[in-house]
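A.B. asks: There's a structure below that I have some questions on.
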Amino acid sequence: MNSLWSPTTLGHINLPHRLALAPMTRSRANADGTPTGLVPTYYAQRASLGLLITEGTQPSEDGQGYMLTPGIHSQEQVAAWKKVATAVHAEGGHIFMQIMHAGRMGHVDNTPHHRDLLAPSAIGANQPMYTPTGPQTTSAPREMTVDDIKQTVQDFRQAARNAIDAGLDGVEIHGANGYLINQFLAPNANIRTDAYGGTIENRARFALEVARAIVDEIGPERTGIRLSPGFAIGGLEDGPEGEDLYRYLISELNKLGLVYLHIHHFGNDTFLADVRARWSQKLLVLRYDRPLQDIAWDVEMGLADIVPVGRWGLANPDFVERLKAGAELNEPDASTFYSGGAKGYIDYPTLQQSPAVAVA
């Protein structure tokens, strides 16, 4: 695993190794979208991972899909996130905010204004969604007008500015995992006949407009993006042109000089190598269900520069130290992932607090 421990740079920041904390929804926000007082502790505990990417954070009230997720569109939210950034920096870490507009993946009861969900087309996701009154099916969205699209691009731009004003080191545009940008890419969710639908270039237009707006606002050295080619989630399908669409999109994003591309990868290594060849900056690869013994493989093979970790980082605030020591890992408690309290959030023990048996 020697390749994991070599330092690297990410735009304006220096990283001590090739690991990072992947973005994970944790539902630890207040009703007004401010992160609770537990959030600074959670991220600061994991600062040794070097680069931390926050949970998906909505750029507007329209962008919220799930209950108790944080926002970055009010001054109160900016002030609360400033405490998170300060705590992480005090521990020597760096933190990027993932900006996520849920689009059709939500329920009106989970939003503060109860307006219709926004989507590229009026096609529902038909997915299960937890709400204040229990499980329901995702709400039917309305098709975004061109003015809605322009406003949403500006919402992303302002959210990025707010994140930097809050002291975070950069932002990650969430273009993956079934959410709004991903919905524009998918031909079964986007049946528009205007400049934002139909051809590969048109379906990629919204993603590129968001990226250009954020780069213009905070600079490419502070802007990353996450994509999930080949990942059928939230009822989305890439369609027969899927790989060509992502080749086009990634090539166009590369021209903007984004500081990183974060791929949520599901096993097509031939396509991943194609992505690597098209991308000039840092490439992050989160490989689904990667065995721990293979954690360095993508870096060693030249397919990735940085390896984000999800549940390992969630359950092990000292994951870096445990990995170096060959120590056993805490097991994540799935029942507390979205429970809202300290349990299963900031109470996972470190090696010093609960020594683990070394792995032979």
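Residues are named by chain letter and number: chains run A, B, ... in the order of the structure tokens, numbers start at 1 in each chain, and ligands are numbered from 1 in the order shown.
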Enumerate the residues of range 18-85 of chain A with a DSSP assignment of alpha helix (DSSP H), computed from the backbone, and present them as an MDAnalysis selection string.
C.D. replies: chainID A and resid 39:45 75:85
A.B. asks: Identify, on the basis of only C-alpha atoms, every residue whose closest approach to range 322-331 of chain A does not exceed 12 Å; exclude the query and any residue fewer than 2 positions from it along the same chain; express the result as a PyMOL selection string.
C.D. replies: chain A and resi 1-2+4-5+17+19+48-49+292-293+295-296+309+311-320+333-335+344+347-360
A.B. asks: Could you work out how far CA of Arg28 in chain A lies from CA of Ala102 in chain A, giving the answer in Å with one decimal?
C.D. replies: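 Taking CA of Ala102 in chain A as the start and CA of Arg28 in chain A as the end point, the length is 17.1 Å.
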A.B. asks: Could you pull out the strand (DSSP E) residues of range 7-230 of chain A from DSSP and send them as a VMD selection string?
C.D. replies: chain A and resid 8 to 10 13 to 15 19 to 21 51 to 53 94 to 99 117 to 119 128 to 131 134 to 137 141 to 143 170 to 174 223 to 227
A.B. asks: Please provide as an MDAnalysis selection string all residues within 8 Å of Gly170 in chain A, with the sequence filter that same-chain residues fewer than 2 positions apart are discarded (counting only C-alpha atoms).
C.D. replies: chainID A and resid 95:97 160 163:164 168 172 221:224
A.B. asks: Go ahead and save the picked residues with all heavy atoms, as a PDB file, in the first residue's frame.
C.D. replies:
```pdb
ATOM      1  N   ILE A  95     -11.615  20.489   3.595  1.00  0.00           N
ATOM      2  CA  ILE A  95     -13.000  20.068   3.422  1.00  0.00           C
ATOM      3  C   ILE A  95     -13.623  20.744   2.201  1.00  0.00           C
ATOM      4  O   ILE A  95     -13.556  21.954   2.033  1.00  0.00           O
ATOM      5  CB  ILE A  95     -13.821  20.342   4.701  1.00  0.00           C
ATOM      6  CG1 ILE A  95     -15.255  19.815   4.572  1.00  0.00           C
ATOM      7  CG2 ILE A  95     -13.773  21.808   5.107  1.00  0.00           C
ATOM      8  CD1 ILE A  95     -16.000  19.744   5.907  1.00  0.00           C
ATOM      9  N   PHE A  96     -14.199  19.903   1.330  1.00  0.00           N
ATOM     10  CA  PHE A  96     -14.979  20.348   0.176  1.00  0.00           C
ATOM     11  C   PHE A  96     -16.449  20.060   0.460  1.00  0.00           C
ATOM     12  O   PHE A  96     -16.774  19.038   1.074  1.00  0.00           O
ATOM     13  CB  PHE A  96     -14.568  19.595  -1.095  1.00  0.00           C
ATOM     14  CG  PHE A  96     -13.436  20.220  -1.863  1.00  0.00           C
ATOM     15  CD1 PHE A  96     -12.264  20.606  -1.229  1.00  0.00           C
ATOM     16  CD2 PHE A  96     -13.533  20.403  -3.225  1.00  0.00           C
ATOM     17  CE1 PHE A  96     -11.205  21.172  -1.936  1.00  0.00           C
ATOM     18  CE2 PHE A  96     -12.498  20.964  -3.960  1.00  0.00           C
ATOM     19  CZ  PHE A  96     -11.331  21.350  -3.319  1.00  0.00           C
ATOM     20  N   MET A  97     -17.328  20.941   0.014  1.00  0.00           N
ATOM     21  CA  MET A  97     -18.762  20.735   0.192  1.00  0.00           C
ATOM     22  C   MET A  97     -19.359  20.148  -1.078  1.00  0.00           C
ATOM     23  O   MET A  97     -19.189  20.703  -2.170  1.00  0.00           O
ATOM     24  CB  MET A  97     -19.471  22.051   0.508  1.00  0.00           C
ATOM     25  CG  MET A  97     -21.000  21.923   0.593  1.00  0.00           C
ATOM     26  SD  MET A  97     -21.797  23.473   1.025  1.00  0.00           S
ATOM     27  CE  MET A  97     -21.360  23.565   2.767  1.00  0.00           C
ATOM     28  N   ALA A 160     -21.953  27.819  -4.153  1.00  0.00           N
ATOM     29  CA  ALA A 160     -20.492  27.675  -4.148  1.00  0.00           C
ATOM     30  C   ALA A 160     -19.831  28.871  -3.477  1.00  0.00           C
ATOM     31  O   ALA A 160     -18.899  28.717  -2.680  1.00  0.00           O
ATOM     32  CB  ALA A 160     -19.984  27.509  -5.577  1.00  0.00           C
ATOM     33  N   ALA A 163     -20.276  28.553   0.219  1.00  0.00           N
ATOM     34  CA  ALA A 163     -19.390  27.547   0.817  1.00  0.00           C
ATOM     35  C   ALA A 163     -17.994  28.123   1.044  1.00  0.00           C
ATOM     36  O   ALA A 163     -17.373  27.898   2.098  1.00  0.00           O
ATOM     37  CB  ALA A 163     -19.315  26.315  -0.080  1.00  0.00           C
ATOM     38  N   ILE A 164     -17.488  28.859   0.075  1.00  0.00           N
ATOM     39  CA  ILE A 164     -16.169  29.478   0.235  1.00  0.00           C
ATOM     40  C   ILE A 164     -16.218  30.547   1.319  1.00  0.00           C
ATOM     41  O   ILE A 164     -15.297  30.659   2.142  1.00  0.00           O
ATOM     42  CB  ILE A 164     -15.687  30.063  -1.103  1.00  0.00           C
ATOM     43  CG1 ILE A 164     -15.558  28.950  -2.151  1.00  0.00           C
ATOM     44  CG2 ILE A 164     -14.358  30.790  -0.923  1.00  0.00           C
ATOM     45  CD1 ILE A 164     -14.674  27.790  -1.767  1.00  0.00           C
ATOM     46  N   LEU A 168     -14.910  26.816   3.652  1.00  0.00           N
ATOM     47  CA  LEU A 168     -14.559  25.519   3.086  1.00  0.00           C
ATOM     48  C   LEU A 168     -13.531  25.705   1.978  1.00  0.00           C
ATOM     49  O   LEU A 168     -13.396  26.788   1.406  1.00  0.00           O
ATOM     50  CB  LEU A 168     -15.805  24.800   2.579  1.00  0.00           C
ATOM     51  CG  LEU A 168     -16.640  24.177   3.718  1.00  0.00           C
ATOM     52  CD1 LEU A 168     -17.648  25.151   4.280  1.00  0.00           C
ATOM     53  CD2 LEU A 168     -17.351  22.909   3.247  1.00  0.00           C
ATOM     54  N   GLU A 172     -17.785  20.237  -4.428  1.00  0.00           N
ATOM     55  CA  GLU A 172     -17.978  19.146  -5.372  1.00  0.00           C
ATOM     56  C   GLU A 172     -19.392  19.241  -5.915  1.00  0.00           C
ATOM     57  O   GLU A 172     -20.362  19.179  -5.149  1.00  0.00           O
ATOM     58  CB  GLU A 172     -17.763  17.789  -4.704  1.00  0.00           C
ATOM     59  CG  GLU A 172     -18.067  16.601  -5.630  1.00  0.00           C
ATOM     60  CD  GLU A 172     -17.829  15.253  -4.968  1.00  0.00           C
ATOM     61  OE1 GLU A 172     -16.649  14.900  -4.761  1.00  0.00           O
ATOM     62  OE2 GLU A 172     -18.831  14.556  -4.652  1.00  0.00           O
ATOM     63  N   GLU A 221      -9.714  25.660  -9.435  1.00  0.00           N
ATOM     64  CA  GLU A 221      -8.893  24.997  -8.426  1.00  0.00           C
ATOM     65  C   GLU A 221      -9.679  24.678  -7.161  1.00  0.00           C
ATOM     66  O   GLU A 221      -9.191  23.954  -6.285  1.00  0.00           O
ATOM     67  CB  GLU A 221      -7.679  25.855  -8.091  1.00  0.00           C
ATOM     68  CG  GLU A 221      -7.955  27.100  -7.243  1.00  0.00           C
ATOM     69  CD  GLU A 221      -8.527  28.285  -8.027  1.00  0.00           C
ATOM     70  OE1 GLU A 221      -8.746  28.133  -9.249  1.00  0.00           O
ATOM     71  OE2 GLU A 221      -8.750  29.345  -7.413  1.00  0.00           O
ATOM     72  N   ARG A 222     -10.903  25.200  -7.063  1.00  0.00           N
ATOM     73  CA  ARG A 222     -11.769  24.917  -5.917  1.00  0.00           C
ATOM     74  C   ARG A 222     -13.024  24.139  -6.317  1.00  0.00           C
ATOM     75  O   ARG A 222     -13.946  24.016  -5.508  1.00  0.00           O
ATOM     76  CB  ARG A 222     -12.171  26.230  -5.223  1.00  0.00           C
ATOM     77  CG  ARG A 222     -11.027  26.927  -4.499  1.00  0.00           C
ATOM     78  CD  ARG A 222     -11.528  28.194  -3.807  1.00  0.00           C
ATOM     79  NE  ARG A 222     -10.514  28.737  -2.920  1.00  0.00           N
ATOM     80  CZ  ARG A 222      -9.542  29.561  -3.301  1.00  0.00           C
ATOM     81  NH1 ARG A 222      -9.466  29.941  -4.575  1.00  0.00           N
ATOM     82  NH2 ARG A 222      -8.663  30.018  -2.419  1.00  0.00           N
ATOM     83  N   THR A 223     -13.053  23.627  -7.547  1.00  0.00           N
ATOM     84  CA  THR A 223     -14.273  23.008  -8.073  1.00  0.00           C
ATOM     85  C   THR A 223     -14.006  21.588  -8.547  1.00  0.00           C
ATOM     86  O   THR A 223     -13.176  21.360  -9.426  1.00  0.00           O
ATOM     87  CB  THR A 223     -14.834  23.822  -9.254  1.00  0.00           C
ATOM     88  OG1 THR A 223     -14.977  25.189  -8.870  1.00  0.00           O
ATOM     89  CG2 THR A 223     -16.176  23.262  -9.697  1.00  0.00           C
ATOM     90  N   GLY A 224     -14.722  20.625  -7.967  1.00  0.00           N
ATOM     91  CA  GLY A 224     -14.714  19.250  -8.425  1.00  0.00           C
ATOM     92  C   GLY A 224     -16.112  18.834  -8.841  1.00  0.00           C
ATOM     93  O   GLY A 224     -17.080  19.576  -8.658  1.00  0.00           O
TER      94      GLY A 224
END
```
A.B. asks: Give the answer as one residue: which of A:Ile149, A:Met129, A:Ile173, A:Ala304 has the shortest atom-to-atom distance to Glu55 in chain A, using only C-alpha atoms?
C.D. replies: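 Closest candidate: A:Ile173.
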A.B. asks: Find the residues around Phe271 in chain A up to 12 Å (only C-alpha atoms counted), leave out those fewer than 6 positions away in its own chain, and share them as a PDB file with C-alpha atoms, in the first residue's frame.
C.D. replies:
```pdb
ATOM      1  CA  SER A 228     -21.627   7.849 -11.785  1.00  0.00           C
ATOM      2  CA  PRO A 229     -21.553   6.434 -15.327  1.00  0.00           C
ATOM      3  CA  GLY A 230     -23.309   3.086 -15.644  1.00  0.00           C
ATOM      4  CA  GLY A 242     -24.468   6.371 -22.147  1.00  0.00           C
ATOM      5  CA  GLU A 243     -20.740   5.852 -22.537  1.00  0.00           C
ATOM      6  CA  ASP A 244     -20.532   8.299 -25.428  1.00  0.00           C
ATOM      7  CA  TYR A 246     -19.965  10.573 -20.513  1.00  0.00           C
ATOM      8  CA  ARG A 247     -16.992  10.693 -22.881  1.00  0.00           C
ATOM      9  CA  ILE A 263     -16.161   8.714 -10.285  1.00  0.00           C
ATOM     10  CA  HIS A 265     -17.415   3.329 -10.138  1.00  0.00           C
ATOM     11  CA  ALA A 277      -7.076   9.065 -20.499  1.00  0.00           C
ATOM     12  CA  ARG A 278      -9.506  11.948 -21.037  1.00  0.00           C
ATOM     13  CA  LEU A 303      -6.462   4.645 -12.662  1.00  0.00           C
TER      14      LEU A 303
END
```
A.B. asks: For Arg212 in chain A, work out the shell of residues within 8 Å, counting only C-alpha atoms and skipping chain neighbours fewer than 4 positions away, then give it as an mmCIF file with N, CA and C atoms, in the first residue's frame.
C.D. replies:
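Output (out23.cif):
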```
data_model
loop_
_atom_site.group_PDB
_atom_site.id
_atom_site.type_symbol
_atom_site.label_atom_id
_atom_site.label_comp_id
_atom_site.auth_asym_id
_atom_site.auth_seq_id
_atom_site.Cartn_x
_atom_site.Cartn_y
_atom_site.Cartn_z
ATOM 1 N N LEU A 208 -22.833 21.225 -17.735
ATOM 2 C CA LEU A 208 -21.737 22.108 -18.131
ATOM 3 C C LEU A 208 -22.023 23.555 -17.738
ATOM 4 N N ASP A 216 -16.523 30.060 -12.747
ATOM 5 C CA ASP A 216 -16.471 31.517 -12.877
ATOM 6 C C ASP A 216 -16.539 32.202 -11.519
ATOM 7 N N LEU A 256 -12.459 22.816 -18.715
ATOM 8 C CA LEU A 256 -12.661 23.854 -17.697
ATOM 9 C C LEU A 256 -11.590 23.819 -16.619
#
```
A.B. asks: So which one's closest to Tyr345 in chain A, A:Thr152, A:Thr270, A:Gln75, A:Ser27? Using only C-alpha atoms, please.
C.D. replies: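 Using only C-alpha atoms, the shortest distance to Tyr345 in chain A belongs to A:Ser27.
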A.B. asks: As a PyMOL selection string, please: the residues near range 29-45 of chain A (cut-off 8 Å, only C-alpha atoms, same-chain neighbours under 3 positions excluded).
C.D. replies: chain A and resi 48+52+68-72+76-77+80-81+83-85+87-91+93+112+317-318+340+342+345-346
A.B. asks: Include N, CA and C atoms and write out the residues we just selected as an mmCIF file, in the first residue's frame.
C.D. replies:
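Wrote out.cif, looks like this:
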```cif
data_model
loop_
_atom_site.group_PDB
_atom_site.id
_atom_site.type_symbol
_atom_site.label_atom_id
_atom_site.label_comp_id
_atom_site.auth_asym_id
_atom_site.auth_seq_id
_atom_site.Cartn_x
_atom_site.Cartn_y
_atom_site.Cartn_z
ATOM 1 N N SER A 48 -7.886 13.332 9.735
ATOM 2 C CA SER A 48 -6.662 12.653 9.283
ATOM 3 C C SER A 48 -6.834 12.031 7.904
ATOM 4 N N LEU A 52 -11.839 15.837 3.089
ATOM 5 C CA LEU A 52 -13.178 15.425 3.487
ATOM 6 C C LEU A 52 -14.175 16.039 2.516
ATOM 7 N N LEU A 68 -34.148 16.495 6.806
ATOM 8 C CA LEU A 68 -33.044 16.888 7.686
ATOM 9 C C LEU A 68 -31.682 16.826 6.989
ATOM 10 N N THR A 69 -31.653 17.296 5.750
ATOM 11 C CA THR A 69 -30.383 17.462 5.049
ATOM 12 C C THR A 69 -29.989 18.933 5.090
ATOM 13 N N PRO A 70 -28.690 19.232 5.074
ATOM 14 C CA PRO A 70 -28.260 20.618 5.243
ATOM 15 C C PRO A 70 -28.330 21.422 3.949
ATOM 16 N N GLY A 71 -28.398 22.725 4.111
ATOM 17 C CA GLY A 71 -28.367 23.631 2.979
ATOM 18 C C GLY A 71 -27.205 24.594 3.080
ATOM 19 N N ILE A 72 -27.013 25.365 2.019
ATOM 20 C CA ILE A 72 -25.966 26.391 1.988
ATOM 21 C C ILE A 72 -26.510 27.614 1.231
ATOM 22 N N GLU A 76 -27.711 31.845 7.932
ATOM 23 C CA GLU A 76 -27.633 30.982 9.112
ATOM 24 C C GLU A 76 -26.900 29.682 8.783
ATOM 25 N N GLN A 77 -27.160 29.149 7.611
ATOM 26 C CA GLN A 77 -26.458 27.936 7.182
ATOM 27 C C GLN A 77 -24.974 28.211 6.966
ATOM 28 N N ALA A 80 -23.279 28.301 10.305
ATOM 29 C CA ALA A 80 -23.133 26.969 10.907
ATOM 30 C C ALA A 80 -22.025 26.178 10.218
ATOM 31 N N TRP A 81 -21.945 26.267 8.897
ATOM 32 C CA TRP A 81 -20.880 25.560 8.179
ATOM 33 C C TRP A 81 -19.511 26.146 8.496
ATOM 34 N N LYS A 83 -18.430 26.918 11.336
ATOM 35 C CA LYS A 83 -17.956 26.181 12.514
ATOM 36 C C LYS A 83 -17.390 24.822 12.107
ATOM 37 N N VAL A 84 -17.988 24.197 11.092
ATOM 38 C CA VAL A 84 -17.483 22.909 10.609
ATOM 39 C C VAL A 84 -16.111 23.087 9.986
ATOM 40 N N ALA A 85 -15.992 24.064 9.097
ATOM 41 C CA ALA A 85 -14.709 24.297 8.425
ATOM 42 C C ALA A 85 -13.615 24.637 9.424
ATOM 43 N N ALA A 87 -13.410 23.763 12.581
ATOM 44 C CA ALA A 87 -13.060 22.564 13.350
ATOM 45 C C ALA A 87 -12.157 21.637 12.553
ATOM 46 N N VAL A 88 -12.453 21.458 11.265
ATOM 47 C CA VAL A 88 -11.645 20.577 10.412
ATOM 48 C C VAL A 88 -10.247 21.157 10.230
ATOM 49 N N HIS A 89 -10.170 22.432 9.948
ATOM 50 C CA HIS A 89 -8.864 23.063 9.738
ATOM 51 C C HIS A 89 -8.018 23.027 11.005
ATOM 52 N N ALA A 90 -8.657 23.142 12.149
ATOM 53 C CA ALA A 90 -7.915 23.087 13.414
ATOM 54 C C ALA A 90 -7.245 21.740 13.623
ATOM 55 N N GLU A 91 -7.795 20.696 12.992
ATOM 56 C CA GLU A 91 -7.230 19.349 13.100
ATOM 57 C C GLU A 91 -6.336 19.008 11.914
ATOM 58 N N GLY A 93 -7.117 19.135 8.606
ATOM 59 C CA GLY A 93 -7.785 18.578 7.438
ATOM 60 C C GLY A 93 -8.235 19.656 6.469
ATOM 61 N N PRO A 112 -39.027 22.755 2.849
ATOM 62 C CA PRO A 112 -39.571 23.790 3.727
ATOM 63 C C PRO A 112 -40.743 24.540 3.114
ATOM 64 N N PRO A 317 -13.179 6.888 12.800
ATOM 65 C CA PRO A 317 -12.648 8.243 12.693
ATOM 66 C C PRO A 317 -11.132 8.266 12.499
ATOM 67 N N ASP A 318 -10.467 7.201 12.928
ATOM 68 C CA ASP A 318 -9.016 7.078 12.761
ATOM 69 C C ASP A 318 -8.690 6.016 11.705
ATOM 70 N N GLY A 340 -30.113 10.804 13.336
ATOM 71 C CA GLY A 340 -30.165 12.187 13.800
ATOM 72 C C GLY A 340 -29.438 12.505 15.087
ATOM 73 N N ALA A 342 -26.234 11.552 18.295
ATOM 74 C CA ALA A 342 -24.802 11.327 18.441
ATOM 75 C C ALA A 342 -24.429 9.855 18.248
ATOM 76 N N TYR A 345 -22.619 8.283 15.214
ATOM 77 C CA TYR A 345 -22.177 9.464 14.466
ATOM 78 C C TYR A 345 -20.835 9.955 14.990
ATOM 79 N N ILE A 346 -20.788 10.296 16.276
ATOM 80 C CA ILE A 346 -19.523 10.798 16.832
ATOM 81 C C ILE A 346 -18.997 9.921 17.970
#
```
A.B. asks: Have a look at A:Gly341, A:Gly106, A:Gly197, A:Gly167 and name the one nearest to Val78 in chain A; count only C-alpha atoms.
C.D. replies: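 Counting only C-alpha atoms, the residue closest to Val78 in chain A is A:Gly167.
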A.B. asks: For each of A:Pro132, A:Gly234, A:Gly11, A:Pro59, take the minimum atom-to-atom distance to Met105 in chain A, counting only C-alpha atoms, then give the residue where this is smallest.
C.D. replies: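 Going through A:Pro132, A:Gly234, A:Gly11, A:Pro59 one by one, the smallest distance to Met105 in chain A is for A:Gly234.
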A.B. asks: Just checking: using only C-alpha atoms, which residue out of A:His101, A:Arg157, A:His114, A:His73 ends up closest to Gln183 in chain A?
C.D. replies: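 Among A:His101, A:Arg157, A:His114, A:His73, it is A:His101 that comes nearest to Gln183 in chain A.
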A.B. asks: Mind giving me the straight-line distance from CA of Leu286 in chain A to CA of Asp62 in chain A in Å, one decimal?
C.D. replies: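 Separation of CA of Leu286 in chain A and CA of Asp62 in chain A: 28.0 Å.
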A.B. asks: Would you pick out the contacts of Asp305 in chain A at 12 Å or less, using only C-alpha atoms, so that residues sharing its chain but fewer than 5 positions from it are not included, and give the list as a ChimeraX atom specification?
C.D. replies: /A:3-10,15,17-20,259-263,276,279-286,296-300
A.B. asks: Of the candidates A:Gly103, A:Met144, A:Pro220, A:Thr57, which one gets nearest to His12 in chain A if we count only C-alpha atoms?
C.D. replies: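 Closest to His12 in chain A, using only C-alpha atoms: A:Pro220.
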A.B. asks: Please report the interatomic distance between CA of Asn126 in chain A and CA of Ala211 in chain A in Å with one decimal.
C.D. replies: 28.3 Å
